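Input: a single structure, listed below in C-alpha cells.
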Amino acid sequence: MNIPFNKPPYTGNEDQYVLAAMRSSKMSGDGDFTLRCQSWFEDALGGTKTLLTPSCTQALEMAALLLDIQPGDEVIMPSYTFVSTANAFVLRGAKIVFVDIRPDTMNIDETLIEAAVTDKTKVIVPVHYAGVACEMDVIMDIAARHNLYVVEDAAQGTMSTYKGRPLGTIGHLGAYSFHETKNYTSGGEGGLLLINDESFINRAEIIREKGTNRSQFWRGMVDKYTWVDVGSSYLPSELQAAYLYGQLTVAEEINKDRLNTWNEYNRCLSGLSDKLVLPFVPQDCQHNAHMYYLKLDDLACRTKFIEEMKKEKIMAVFHYVPLHSSPCGKVFGEMTAEDKFTTKESERLVRLPIWYGMQALERQRVIEAVSNVLERI
Ligand SMILES: *Cc1c(COP(=O)(O)O)cnc(C)c1O
C-alpha cells in the first residue's frame, strides 16, 4: 500500500451543496454559496470582511492592487515561501526585499525586519509557515512606526491563531488558500481575501468585479454599473464555493482530525529527537496541523531519507527552494543582510504525509518507516 503525501480533503458533505449549485439558476460568482462561505468566515473571524477568490494567489494580487503598489516600491518578505507571495507584488513593479527566517519556526525573523526598511518600503508580508504564526505584535509595531502596510500570507493558516486572534485578521489584509494541498479546499483551487481595514472594502469589491461597481448595483446602491477603476476577474464559480461550504460546516472536525495525526507524529517521533529536529510551536500560537515536518542534518541526509522512504512506499517531500536563489528571484528581489538560515534550514526540511481522514494504521506505517530509515542513513 502506497502512502501519498497528501489527499485533498473530502468529507462527503460537499456533494449535496455542489449538486444544489449545479441545479441553481446562478452559477457565476457571488451567488448563494459564495455569500454563505463569506458569512461563515465573517462570523468565525470576529467580523473581518472577507471575499472569496479563485485562489490565494489572486487574493494576494488583489492586495497588491488595493495597496496601489507602484514600480520601485519595496516589499519585505521571507525568501522561504511560495512564488505567489512575491509574484503578486512583482506584477505591480515592486522590488522584493527578502529577510532571513528563524530556524525554529521557519518564519520571517521579526528582529531583522526593521533593518530592511528603507524610504521605499511599502509593505511587510509575513508568511505563517505550516500554519504557525509569525511574531505579529513585533511586526505590527514596526509597520505602525514606519507607516507600512502588513499583508498576511495566511495561505496555510486557516483556523490557526496568534494570541487568540485568527491568522489573516491581524494585518491590514490577509489571504487564505483553499488549494487541494491545504486544510480546506474549494474543489482543488480557491482562496479568500481578508479585509481588516474597512477603508479597503469598497475598492476591493470593485477590483474583484473587473473594475466595475457591479456589487453596488446588485445591492441597489447605484442604478447602473460601469467601469470605475482597474480590476480583474477575481470571483470563483459557485461550484467552488459550494464545495468549500460543505467543508466549512464540519471545519472543526477536519481541524481536530489533522491535529490528532500531528500530535501522534509528534508524540512518537519525540523519542528520535537526537537524530532530528521536530517542529516548534511557540506558546502564543495555536496551529492547525497544516504540516508535519522534520529537519535532518543536511541536504545529503535529506535526499537519502526521501529515497529510502520511497522504498518503503511512503511519499515524504521537501519544500520551498528559497526565492532569492531562483532565476526570477534574482531579477526581482534581493536578500538583505546574511542568509544565515534560509538556505541551510530549507535544505534540511522534509514533510511527512498528513491529510484529513488519515488512518491510524497509515500513521503507524509512516512512524515505523521514519525510525527504520533513520537507522539506515
Ligand atoms: C499555497 C500557498 C499560496 C498559493 O495559494 P494558491 O491558492 O495555490 O494560489 C501562497 N502562499 C503560500 C505560503 C502557500 O502555501
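In the C-alpha cells, chains take letters A, B, ... by order of appearance, with residues numbered from 1 within each chain and ligands from 1 in the order shown.
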
**Asked** Given a cut-off of 9 Å, what residues near ligand 1 show up using only C-alpha atoms and all ligand atoms, put as a VMD selection string?
**Response** chain A and resid 53 to 60 80 to 86 127 to 130 153 to 157 175 to 182 188 to 192

Take the residues that were just selected and, keeping N, CA and C atoms, output them as a tab-separated table (two decimals), in the first residue's frame.
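File produced: selection.tsv:
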chain	number	residue	atom	x	y	z
A	53	THR	N	-12.11	34.17	-3.44
A	53	THR	CA	-11.39	34.37	-4.71
A	53	THR	C	-11.09	33.00	-5.32
A	54	PRO	N	-10.72	32.95	-6.59
A	54	PRO	CA	-10.45	31.65	-7.23
A	54	PRO	C	-9.17	30.99	-6.71
A	55	SER	N	-8.30	31.75	-6.03
A	55	SER	CA	-7.07	31.18	-5.45
A	55	SER	C	-6.51	32.18	-4.45
A	56	CYS	N	-5.57	31.71	-3.64
A	56	CYS	CA	-4.87	32.61	-2.72
A	56	CYS	C	-3.97	33.54	-3.51
A	57	THR	N	-3.38	33.02	-4.59
A	57	THR	CA	-2.55	33.86	-5.46
A	57	THR	C	-3.34	35.10	-5.88
A	58	GLN	N	-4.58	34.90	-6.28
A	58	GLN	CA	-5.40	36.05	-6.71
A	58	GLN	C	-5.79	36.96	-5.55
A	59	ALA	N	-5.96	36.40	-4.36
A	59	ALA	CA	-6.23	37.25	-3.19
A	59	ALA	C	-5.02	38.15	-2.92
A	60	LEU	N	-3.82	37.59	-3.09
A	60	LEU	CA	-2.60	38.38	-2.90
A	60	LEU	C	-2.45	39.43	-4.00
A	80	TYR	N	11.94	32.18	2.03
A	80	TYR	CA	11.41	30.82	2.19
A	80	TYR	C	9.89	30.87	2.12
A	81	THR	N	9.35	30.96	0.89
A	81	THR	CA	7.90	30.99	0.71
A	81	THR	C	7.56	30.55	-0.70
A	82	PHE	N	6.26	30.50	-0.99
A	82	PHE	CA	5.78	30.14	-2.32
A	82	PHE	C	5.92	31.34	-3.25
A	83	VAL	N	6.08	31.09	-4.54
A	83	VAL	CA	6.31	32.18	-5.50
A	83	VAL	C	5.21	33.24	-5.50
A	84	SER	N	3.98	32.84	-5.22
A	84	SER	CA	2.87	33.80	-5.31
A	84	SER	C	3.01	34.96	-4.33
A	85	THR	N	3.63	34.70	-3.18
A	85	THR	CA	3.83	35.77	-2.20
A	85	THR	C	4.57	36.93	-2.86
A	86	ALA	N	5.57	36.59	-3.67
A	86	ALA	CA	6.38	37.60	-4.35
A	86	ALA	C	5.74	38.07	-5.65
A	127	VAL	N	4.66	35.43	6.29
A	127	VAL	CA	4.09	34.17	5.81
A	127	VAL	C	4.05	33.22	7.01
A	128	HIS	N	2.86	32.76	7.35
A	128	HIS	CA	2.73	31.89	8.53
A	128	HIS	C	2.99	30.44	8.10
A	129	TYR	N	4.26	30.06	8.15
A	129	TYR	CA	4.65	28.74	7.64
A	129	TYR	C	4.05	27.62	8.50
A	130	ALA	N	3.51	26.62	7.82
A	130	ALA	CA	2.92	25.45	8.49
A	130	ALA	C	1.74	25.83	9.38
A	153	ASP	N	0.29	36.56	4.52
A	153	ASP	CA	0.10	35.38	3.68
A	153	ASP	C	-0.22	34.23	4.63
A	154	ALA	N	-1.53	34.07	4.86
A	154	ALA	CA	-2.01	33.02	5.76
A	154	ALA	C	-2.58	31.86	4.95
A	155	ALA	N	-1.97	31.63	3.77
A	155	ALA	CA	-2.42	30.54	2.88
A	155	ALA	C	-2.55	29.23	3.64
A	156	GLN	N	-1.61	28.99	4.55
A	156	GLN	CA	-1.58	27.73	5.29
A	156	GLN	C	-2.24	27.85	6.67
A	157	GLY	N	-2.79	29.03	6.96
A	157	GLY	CA	-3.16	29.33	8.35
A	157	GLY	C	-4.63	29.35	8.72
A	175	ALA	N	-4.67	36.67	3.43
A	175	ALA	CA	-5.10	35.77	2.36
A	175	ALA	C	-5.03	34.32	2.82
A	176	TYR	N	-6.09	33.55	2.49
A	176	TYR	CA	-6.13	32.10	2.75
A	176	TYR	C	-6.10	31.37	1.41
A	177	SER	N	-5.64	30.13	1.44
A	177	SER	CA	-5.70	29.28	0.25
A	177	SER	C	-6.60	28.08	0.50
A	178	PHE	N	-7.39	27.75	-0.52
A	178	PHE	CA	-8.19	26.51	-0.49
A	178	PHE	C	-7.78	25.59	-1.63
A	179	HIS	N	-6.47	25.63	-1.95
A	179	HIS	CA	-5.88	24.68	-2.89
A	179	HIS	C	-6.01	23.28	-2.29
A	180	GLU	N	-6.00	22.27	-3.13
A	180	GLU	CA	-6.22	20.90	-2.61
A	180	GLU	C	-5.16	20.43	-1.63
A	181	THR	N	-4.01	21.10	-1.57
A	181	THR	CA	-2.98	20.71	-0.60
A	181	THR	C	-3.17	21.39	0.75
A	182	LYS	N	-4.15	22.27	0.87
A	182	LYS	CA	-4.35	22.98	2.13
A	182	LYS	C	-5.40	22.25	2.99
A	188	GLY	N	-10.20	21.95	-5.23
A	188	GLY	CA	-8.92	21.95	-5.95
A	188	GLY	C	-8.21	23.28	-5.89
A	189	GLU	N	-8.94	24.34	-6.22
A	189	GLU	CA	-8.35	25.69	-6.22
A	189	GLU	C	-9.31	26.63	-5.49
A	190	GLY	N	-8.76	27.59	-4.77
A	190	GLY	CA	-9.63	28.58	-4.14
A	190	GLY	C	-8.86	29.45	-3.17
A	191	GLY	N	-9.45	30.57	-2.79
A	191	GLY	CA	-8.78	31.46	-1.85
A	191	GLY	C	-9.76	32.43	-1.22
A	192	LEU	N	-9.23	33.22	-0.29
A	192	LEU	CA	-10.06	34.20	0.42
A	192	LEU	C	-9.20	35.43	0.71

Using only C-alpha atoms, find each residue in stretch 217-301 of chain A having at least one atom no more than 8 Å away from stretch 354-362 of chain A; report its shortest atom-to-atom pair and that distance in Å (one decimal), rows by chain then rising number, as a tab-separated table.
residue	atom	partner	partner_atom	distance
A:Ile254	CA	A:Tyr356	CA	6.1
A:Asp257	CA	A:Tyr356	CA	6.2
A:Arg258	CA	A:Tyr356	CA	5.7
A:Thr261	CA	A:Ile354	CA	7.2
A:Trp262	CA	A:Ile354	CA	7.7
A:Met291	CA	A:Ile354	CA	6.9
A:Tyr292	CA	A:Ile354	CA	7.1

**Request:** Please report, as an MDAnalysis selection string, each residue of stretch 51-281 of chain A to which DSSP assigns strand (DSSP E) when run on this structure's backbone.
**Result:** chainID A and resid 51:53 74:78 95:99 121:124 149:153 161:162 165:166 173:177 191:195

Export C-alpha atoms of the chosen residues as a tab-separated table (two decimals), in the first residue's frame?
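Once written, selection39.tsv looks like this:
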chain	number	residue	atom	x	y	z
A	51	LEU	CA	-14.17	37.98	-0.25
A	52	LEU	CA	-13.89	34.54	-1.82
A	53	THR	CA	-11.39	34.37	-4.71
A	74	GLU	CA	9.82	47.72	-1.85
A	75	VAL	CA	8.04	44.79	-0.23
A	76	ILE	CA	9.59	42.86	2.63
A	77	MET	CA	9.01	39.10	2.92
A	78	PRO	CA	10.86	35.87	3.68
A	95	LYS	CA	11.19	45.15	-5.74
A	96	ILE	CA	11.17	42.24	-3.31
A	97	VAL	CA	13.37	42.53	-0.24
A	98	PHE	CA	13.99	39.14	1.31
A	99	VAL	CA	14.68	38.80	5.02
A	121	THR	CA	9.31	50.22	1.71
A	122	LYS	CA	5.51	49.96	1.43
A	123	VAL	CA	4.53	46.56	2.77
A	124	ILE	CA	5.65	43.74	5.05
A	149	TYR	CA	1.05	48.05	5.41
A	150	VAL	CA	1.01	44.43	6.54
A	151	VAL	CA	-0.41	41.70	4.28
A	152	GLU	CA	-0.51	38.32	5.99
A	153	ASP	CA	0.10	35.38	3.68
A	161	THR	CA	-4.42	31.79	15.91
A	162	TYR	CA	-1.82	34.12	17.40
A	165	ARG	CA	-6.52	36.12	17.12
A	166	PRO	CA	-7.16	34.24	13.86
A	173	LEU	CA	-5.13	42.48	4.67
A	174	GLY	CA	-4.78	38.70	4.75
A	175	ALA	CA	-5.10	35.77	2.36
A	176	TYR	CA	-6.13	32.10	2.75
A	177	SER	CA	-5.70	29.28	0.25
A	191	GLY	CA	-8.78	31.46	-1.85
A	192	LEU	CA	-10.06	34.20	0.42
A	193	LEU	CA	-9.12	37.84	0.85
A	194	LEU	CA	-9.49	39.10	4.43
A	195	ILE	CA	-10.02	42.85	4.74

If we count only C-alpha atoms, what is near A:Leu352 at a cut-off of 12 Å, once residues fewer than 6 positions away on the same chain are taken out, given as a PDB file with C-alpha atoms, in the first residue's frame?
ATOM      1  CA  ILE A   3       1.101   6.269   1.265  1.00  0.00           C
ATOM      2  CA  PRO A   4       0.753   9.511  -0.695  1.00  0.00           C
ATOM      3  CA  PHE A   5       1.950  12.818   0.672  1.00  0.00           C
ATOM      4  CA  ASN A   6      -1.499  14.385   0.541  1.00  0.00           C
ATOM      5  CA  THR A 261      -2.425  12.961  13.383  1.00  0.00           C
ATOM      6  CA  TRP A 262       0.057  15.777  14.040  1.00  0.00           C
ATOM      7  CA  TYR A 265       3.519  12.012  14.956  1.00  0.00           C
ATOM      8  CA  ASN A 266       4.994  14.382  17.480  1.00  0.00           C
ATOM      9  CA  LEU A 269       8.884  10.811  16.937  1.00  0.00           C
ATOM     10  CA  LEU A 278      10.915  18.322  15.299  1.00  0.00           C
ATOM     11  CA  PRO A 279       8.614  21.294  14.626  1.00  0.00           C
ATOM     12  CA  ALA A 289      -1.735  20.900  11.869  1.00  0.00           C
ATOM     13  CA  HIS A 290      -1.272  22.033   8.294  1.00  0.00           C
ATOM     14  CA  MET A 291       2.098  20.325   8.055  1.00  0.00           C
ATOM     15  CA  TYR A 292       4.324  17.904   9.921  1.00  0.00           C
ATOM     16  CA  TYR A 293       7.986  18.356   9.076  1.00  0.00           C
ATOM     17  CA  LEU A 294      11.315  17.025  10.263  1.00  0.00           C
ATOM     18  CA  LYS A 295      14.755  18.511   9.895  1.00  0.00           C
ATOM     19  CA  PHE A 305      15.878   9.994   3.636  1.00  0.00           C
ATOM     20  CA  ILE A 306      13.396  10.799   0.856  1.00  0.00           C
ATOM     21  CA  MET A 309      11.080   6.488   2.422  1.00  0.00           C
ATOM     22  CA  LYS A 310      10.139   5.913  -1.232  1.00  0.00           C
ATOM     23  CA  ILE A 314       5.877   6.478   1.520  1.00  0.00           C
ATOM     24  CA  MET A 315       5.973   9.893  -0.114  1.00  0.00           C
ATOM     25  CA  ALA A 316       7.928  12.345   2.021  1.00  0.00           C
ATOM     26  CA  VAL A 317       8.660  15.626   0.246  1.00  0.00           C
ATOM     27  CA  PHE A 318      10.878  18.672   0.567  1.00  0.00           C
ATOM     28  CA  HIS A 319       9.517  22.185   0.302  1.00  0.00           C
ATOM     29  CA  GLU A 362      -1.257   4.630   7.841  1.00  0.00           C
ATOM     30  CA  ARG A 363       0.163   6.919  10.511  1.00  0.00           C
ATOM     31  CA  ARG A 365       3.446   2.866   8.983  1.00  0.00           C
ATOM     32  CA  VAL A 366       4.921   6.326   8.492  1.00  0.00           C
ATOM     33  CA  ILE A 367       6.251   6.458  12.049  1.00  0.00           C
ATOM     34  CA  ALA A 369       9.348   3.837   8.400  1.00  0.00           C
ATOM     35  CA  VAL A 370      10.882   7.041   9.753  1.00  0.00           C
TER      36      VAL A 370
END

Write out as an mmCIF file with N, CA, C and O atoms, in the first residue's frame which residues come within 9 Å of A:Glu238 when counting only C-alpha atoms, dropping same-chain ones fewer than 6 positions away.
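Generated file (out.cif):
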data_model
loop_
_atom_site.group_PDB
_atom_site.id
_atom_site.type_symbol
_atom_site.label_atom_id
_atom_site.label_comp_id
_atom_site.auth_asym_id
_atom_site.auth_seq_id
_atom_site.Cartn_x
_atom_site.Cartn_y
_atom_site.Cartn_z
ATOM 1 N N VAL A 18 -22.758 20.935 -3.806
ATOM 2 C CA VAL A 18 -22.306 21.062 -5.196
ATOM 3 C C VAL A 18 -23.477 20.774 -6.142
ATOM 4 O O VAL A 18 -23.703 21.501 -7.111
ATOM 5 N N ALA A 21 -25.744 23.707 -6.220
ATOM 6 C CA ALA A 21 -25.196 24.798 -7.046
ATOM 7 C C ALA A 21 -25.388 24.483 -8.524
ATOM 8 O O ALA A 21 -25.728 25.356 -9.328
ATOM 9 N N MET A 22 -25.191 23.198 -8.902
ATOM 10 C CA MET A 22 -25.365 22.799 -10.301
ATOM 11 C C MET A 22 -26.792 23.022 -10.773
ATOM 12 O O MET A 22 -27.040 23.301 -11.944
ATOM 13 N N LYS A 26 -28.094 30.279 -10.697
ATOM 14 C CA LYS A 26 -26.921 31.155 -10.741
ATOM 15 C C LYS A 26 -25.671 30.380 -10.367
ATOM 16 O O LYS A 26 -25.535 29.922 -9.244
ATOM 17 N N MET A 27 -24.783 30.231 -11.338
ATOM 18 C CA MET A 27 -23.543 29.508 -11.069
ATOM 19 C C MET A 27 -22.325 30.416 -11.094
ATOM 20 O O MET A 27 -21.230 30.019 -10.724
ATOM 21 N N SER A 28 -22.501 31.639 -11.575
ATOM 22 C CA SER A 28 -21.373 32.567 -11.626
ATOM 23 C C SER A 28 -21.140 33.156 -10.235
ATOM 24 O O SER A 28 -21.866 32.853 -9.290
ATOM 25 N N GLY A 29 -20.137 34.004 -10.140
ATOM 26 C CA GLY A 29 -19.679 34.493 -8.841
ATOM 27 C C GLY A 29 -20.725 35.214 -7.997
ATOM 28 O O GLY A 29 -21.721 35.706 -8.495
ATOM 29 N N ASP A 30 -20.442 35.235 -6.683
ATOM 30 C CA ASP A 30 -21.288 35.945 -5.717
ATOM 31 C C ASP A 30 -22.728 35.448 -5.674
ATOM 32 O O ASP A 30 -23.651 36.217 -5.417
ATOM 33 N N GLY A 31 -22.917 34.160 -5.895
ATOM 34 C CA GLY A 31 -24.226 33.546 -5.654
ATOM 35 C C GLY A 31 -24.362 33.166 -4.193
ATOM 36 O O GLY A 31 -23.547 33.547 -3.347
ATOM 37 N N ASP A 32 -25.390 32.368 -3.940
ATOM 38 C CA ASP A 32 -25.750 31.990 -2.580
ATOM 39 C C ASP A 32 -24.581 31.343 -1.815
ATOM 40 O O ASP A 32 -24.331 31.665 -0.655
ATOM 41 N N PHE A 33 -23.868 30.413 -2.456
ATOM 42 C CA PHE A 33 -22.814 29.694 -1.720
ATOM 43 C C PHE A 33 -21.598 30.566 -1.429
ATOM 44 O O PHE A 33 -20.972 30.433 -0.383
ATOM 45 N N THR A 34 -21.280 31.472 -2.348
ATOM 46 C CA THR A 34 -20.182 32.405 -2.073
ATOM 47 C C THR A 34 -20.534 33.242 -0.846
ATOM 48 O O THR A 34 -19.718 33.403 0.072
#

**Asked** Quick one: DSSP alpha helix (DSSP H) residues in stretch 179-326 of chain A, as a VMD selection string?
**Response** chain A and resid 201 to 208 214 to 218 238 to 248 251 to 269 299 to 311

Please produce an output containing C-alpha atoms for each residue in the selection, written as a compact mmCIF listing (two decimals), in the first residue's frame.
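What follows is the written file again.txt:
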# COMPACT_ATOMS: atom_id res chain seq x y z
CA ILE A 201 -13.79 47.18 1.32
CA ASN A 202 -15.45 49.30 -1.31
CA ARG A 203 -12.50 49.29 -3.69
CA ALA A 204 -11.86 45.57 -3.12
CA GLU A 205 -15.35 44.78 -4.38
CA ILE A 206 -14.73 46.91 -7.47
CA ILE A 207 -11.30 45.41 -8.26
CA ARG A 208 -12.77 41.92 -7.89
CA ARG A 214 -21.48 45.81 -10.13
CA SER A 215 -21.57 44.77 -6.43
CA GLN A 216 -23.13 48.10 -5.52
CA PHE A 217 -25.56 47.71 -8.42
CA TRP A 218 -26.75 44.30 -7.14
CA GLU A 238 -20.48 28.77 -7.31
CA LEU A 239 -19.31 25.16 -7.72
CA GLN A 240 -16.08 26.09 -5.92
CA ALA A 241 -17.96 27.93 -3.19
CA ALA A 242 -20.43 25.06 -2.70
CA TYR A 243 -17.62 22.52 -2.33
CA LEU A 244 -15.93 24.71 0.26
CA TYR A 245 -19.20 25.30 2.12
CA GLY A 246 -19.55 21.55 2.60
CA GLN A 247 -16.19 21.59 4.41
CA LEU A 248 -16.83 24.72 6.47
CA ALA A 251 -14.48 22.72 9.82
CA GLU A 252 -13.81 21.89 13.47
CA GLU A 253 -14.00 18.15 12.78
CA ILE A 254 -11.41 18.47 9.99
CA ASN A 255 -9.16 20.55 12.24
CA LYS A 256 -9.37 18.05 15.12
CA ASP A 257 -8.64 15.13 12.84
CA ARG A 258 -5.47 16.76 11.47
CA LEU A 259 -4.33 17.81 14.93
CA ASN A 260 -4.80 14.26 16.09
CA THR A 261 -2.43 12.96 13.38
CA TRP A 262 0.06 15.78 14.04
CA ASN A 263 0.10 15.12 17.80
CA GLU A 264 0.52 11.41 17.25
CA TYR A 265 3.52 12.01 14.96
CA ASN A 266 4.99 14.38 17.48
CA ARG A 267 4.50 12.01 20.41
CA CYS A 268 6.00 9.00 18.64
CA LEU A 269 8.88 10.81 16.94
CA LEU A 299 20.84 18.20 2.19
CA ALA A 300 22.61 14.88 1.55
CA CYS A 301 20.93 13.32 4.53
CA ARG A 302 17.53 14.59 3.45
CA THR A 303 17.96 13.33 -0.12
CA LYS A 304 18.81 9.88 1.22
CA PHE A 305 15.88 9.99 3.64
CA ILE A 306 13.40 10.80 0.86
CA GLU A 307 14.82 7.97 -1.33
CA GLU A 308 14.63 5.46 1.49
CA MET A 309 11.08 6.49 2.42
CA LYS A 310 10.14 5.91 -1.23
CA LYS A 311 11.43 2.35 -0.94

**Request:** Find the spatial neighbours of A:Thr249, counting only C-alpha atoms, within a cut-off of 10 Å - ignore same-chain residues fewer than 6 positions away - and output them as number ranges by chain.
**Result:** A: 13-14, 37, 40

**Message:** Using Å and a single decimal, report how far atom CA of A:Gly164 sits from atom CA of A:Thr105.
**Reply:**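 Straight-line distance from atom CA of A:Thr105 to atom CA of A:Gly164 works out to 18.2 Å.
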
**Message:** Which residue is closest to A:Asn288? Choose from A:Leu65, A:Tyr10, A:Leu35, A:Leu167 and count only C-alpha atoms.
**Reply:**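 Checking each of A:Leu65, A:Tyr10, A:Leu35, A:Leu167 against A:Asn288, counting only C-alpha atoms, the winner is A:Leu167.
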
**Message:** Applying 10 Å and only C-alpha atoms, which residues near stretch 274-277 of chain A remain after dropping the ones on its own chain fewer than 3 positions away? List them as an NGL selection string.
**Reply:** :A and (104 or 269-271 or 280 or 293-297 or 348-349 or 371 or 374-375)

Hey, could you make a per-residue contact list for stretch 71-126 of chain A against stretch 132-140 of chain A with 7 Å as the cut-off, showing the nearest pair of atoms and its distance in Å to one decimal, counting only C-alpha atoms, sorted by chain and number, as a tab-separated table?
residue	atom	partner	partner_atom	distance
A:Asn107	CA	A:Cys134	CA	5.9
A:Ile108	CA	A:Cys134	CA	6.9
A:Glu110	CA	A:Ile139	CA	6.3
A:Pro126	CA	A:Cys134	CA	6.6

**Item:** Nearest-residue call for A:Glu338, choices A:Ala88, A:Leu112, A:Val228, A:Val321, using only C-alpha atoms
**Value:**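 Smallest distance to A:Glu338 is found for A:Leu112.
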
**Request:** May I ask for the distance between atom CA of A:Leu45 and atom CA of A:Thr185, given in Å to one decimal place?
**Result:**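 It comes out at 18.0 Å.
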
**Request:** Quote the spacing between atom CA of A:Leu66 and atom CA of A:His287 in Å to one decimal place.
**Result:**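 Computed distance, atom CA of A:Leu66 to atom CA of A:His287, equals 28.7 Å.
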
**Request:** Give me the residues within 8 Å of A:Arg92 as a PyMOL selection string, counting only C-alpha atoms and dropping any in the same chain fewer than 5 places off.
**Result:** chain A and resi 64-65+69-71

Residues of the last selection are to be written out with all heavy atoms, as a short mmCIF file (atom, residue, chain, number, x, y, z; two decimals), in the first residue's frame.
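Written output follows (out-v4.cif):
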data_model
loop_
_atom_site.label_atom_id
_atom_site.label_comp_id
_atom_site.auth_asym_id
_atom_site.auth_seq_id
_atom_site.Cartn_x
_atom_site.Cartn_y
_atom_site.Cartn_z
N ALA A 64 -2.16 43.58 -3.58
CA ALA A 64 -1.15 44.47 -4.19
C ALA A 64 -1.83 45.60 -4.97
O ALA A 64 -1.37 46.75 -4.94
CB ALA A 64 -0.23 43.66 -5.10
N LEU A 65 -2.95 45.30 -5.63
CA LEU A 65 -3.70 46.35 -6.34
C LEU A 65 -4.31 47.34 -5.35
O LEU A 65 -4.26 48.56 -5.55
CB LEU A 65 -4.82 45.72 -7.18
CG LEU A 65 -4.41 45.11 -8.53
CD1 LEU A 65 -5.53 44.23 -9.08
CD2 LEU A 65 -4.09 46.22 -9.53
N ILE A 69 0.49 49.45 -5.17
CA ILE A 69 1.93 49.23 -5.30
C ILE A 69 2.40 49.76 -6.66
O ILE A 69 1.78 49.45 -7.69
CB ILE A 69 2.27 47.73 -5.13
CG1 ILE A 69 1.83 47.24 -3.75
CG2 ILE A 69 3.76 47.48 -5.36
CD1 ILE A 69 2.42 47.98 -2.58
N GLN A 70 3.45 50.54 -6.65
CA GLN A 70 3.98 51.18 -7.87
C GLN A 70 5.39 50.66 -8.16
O GLN A 70 6.07 50.21 -7.24
CB GLN A 70 4.05 52.71 -7.65
CG GLN A 70 2.73 53.36 -7.34
CD GLN A 70 1.75 53.29 -8.50
OE1 GLN A 70 2.14 53.49 -9.66
NE2 GLN A 70 0.50 52.96 -8.21
N PRO A 71 5.84 50.77 -9.42
CA PRO A 71 7.21 50.36 -9.74
C PRO A 71 8.21 51.03 -8.80
O PRO A 71 8.10 52.24 -8.54
CB PRO A 71 7.39 50.84 -11.18
CG PRO A 71 6.01 50.79 -11.75
CD PRO A 71 5.10 51.19 -10.63
#
